[in-house]
Amino acid sequence: MDTQPQFKLINTRFQIAFFFSFFYFLFASCVSDNIVTEQPNNDTPPSEEQTDNLPPDNPAPTFTLQTSDGQNINLSDYQGKVVTLFFFGYGCPPCKAVAPSIQEQLATPYESNDDYAILGLDVWDGNSAGVDAFKSATEVRFPLLLEASSIARDYETTYDRLVVVDKDGGIVFLGTQNAMGDLESVKNLVISLLGS
């Protein structure tokens, strides 16, 4: 008696059963991942009190950096304020060109506003003499912070960019083009955030 054809028949049945079982479990696992459980319907929006202590949607990475005169500046010192961050390179020609406009449009109008601050962060990690030379050449009066390349990485940005952090500590604007190109948008956003 030849057992070979019988073995092939059993082997083929086993392969078919395995094939269907495999795809059944694969399909079942995909379907179960998409099952949505019923949640109670609460159409009432959260009250202002409920949202006051919620973390921001896109929290700004915190940092502590020094100015050229050795003063430590921490972003958390500005909690409850709108903060514009100007990421610059101390020897960057476009940064030098836009800095006076940033001073004029984003710093000077708000110098007496306690709810606003602007900080410059040197992404090129220049020494204090290089950053002081930038400050002198551009005549900006807001604090310029040293050695900020790691902070730029944390913010996923580069030099010649503007970032705005709202009063809750969330990033509400992350520039993707040179600062001059974003200046008007940032100015309008700051006005809106400050309600002025």
# chains A, B, ... in the order shown; residues from 1 in each chain; ligands from 1
call {"tool": "residues_around", "arguments": {"residues": "region 132-142 of chain A", "least_positions_apart": "2", "cutoff": "7 Å", "atoms": "only C-alpha atoms", "output": "list in words"}}
result
Ser68, Tyr90, Lys96, Ala99, Pro100, Gln103, Ile118, Leu119, Ser128, Ala129, Gly130 and Leu144 of chain A
call {"tool": "closest_residue", "arguments": {"among": "A:Asp160, A:Ala152, A:Asn178, A:Pro143", "to": "Gln71 (chain A)", "atoms": "only C-alpha atoms"}}
result
A:Pro143
call {"tool": "residues_around", "arguments": {"residues": "Ser76 (chain A)", "least_positions_apart": "3", "cutoff": "10 Å", "atoms": "only C-alpha atoms", "output": "number ranges by chain"}}
result
A: 60-64, 73, 79-81, 169
call {"tool": "residues_around", "arguments": {"residues": "region 87-89 of chain A", "least_positions_apart": "4", "cutoff": "6 Å", "atoms": "only C-alpha atoms", "output": "number ranges by chain"}}
result
A: 95, 120-124, 159-161
call {"tool": "write_last_selection", "arguments": {"atoms": "C-alpha atoms", "output": "short mmCIF file (atom, residue, chain, number, x, y, z; two decimals), in the first residue's frame"}}
result
data_model
loop_
_atom_site.label_atom_id
_atom_site.label_comp_id
_atom_site.auth_asym_id
_atom_site.auth_seq_id
_atom_site.Cartn_x
_atom_site.Cartn_y
_atom_site.Cartn_z
CA CYS A 95 19.86 87.93 11.82
CA GLY A 120 17.29 86.39 21.97
CA LEU A 121 19.06 83.00 21.94
CA ASP A 122 22.44 82.67 20.21
CA VAL A 123 22.33 79.37 18.36
CA TRP A 124 25.90 79.77 17.07
CA TYR A 159 18.90 80.43 13.73
CA ASP A 160 16.96 83.33 12.19
CA ARG A 161 13.65 82.03 13.53
#
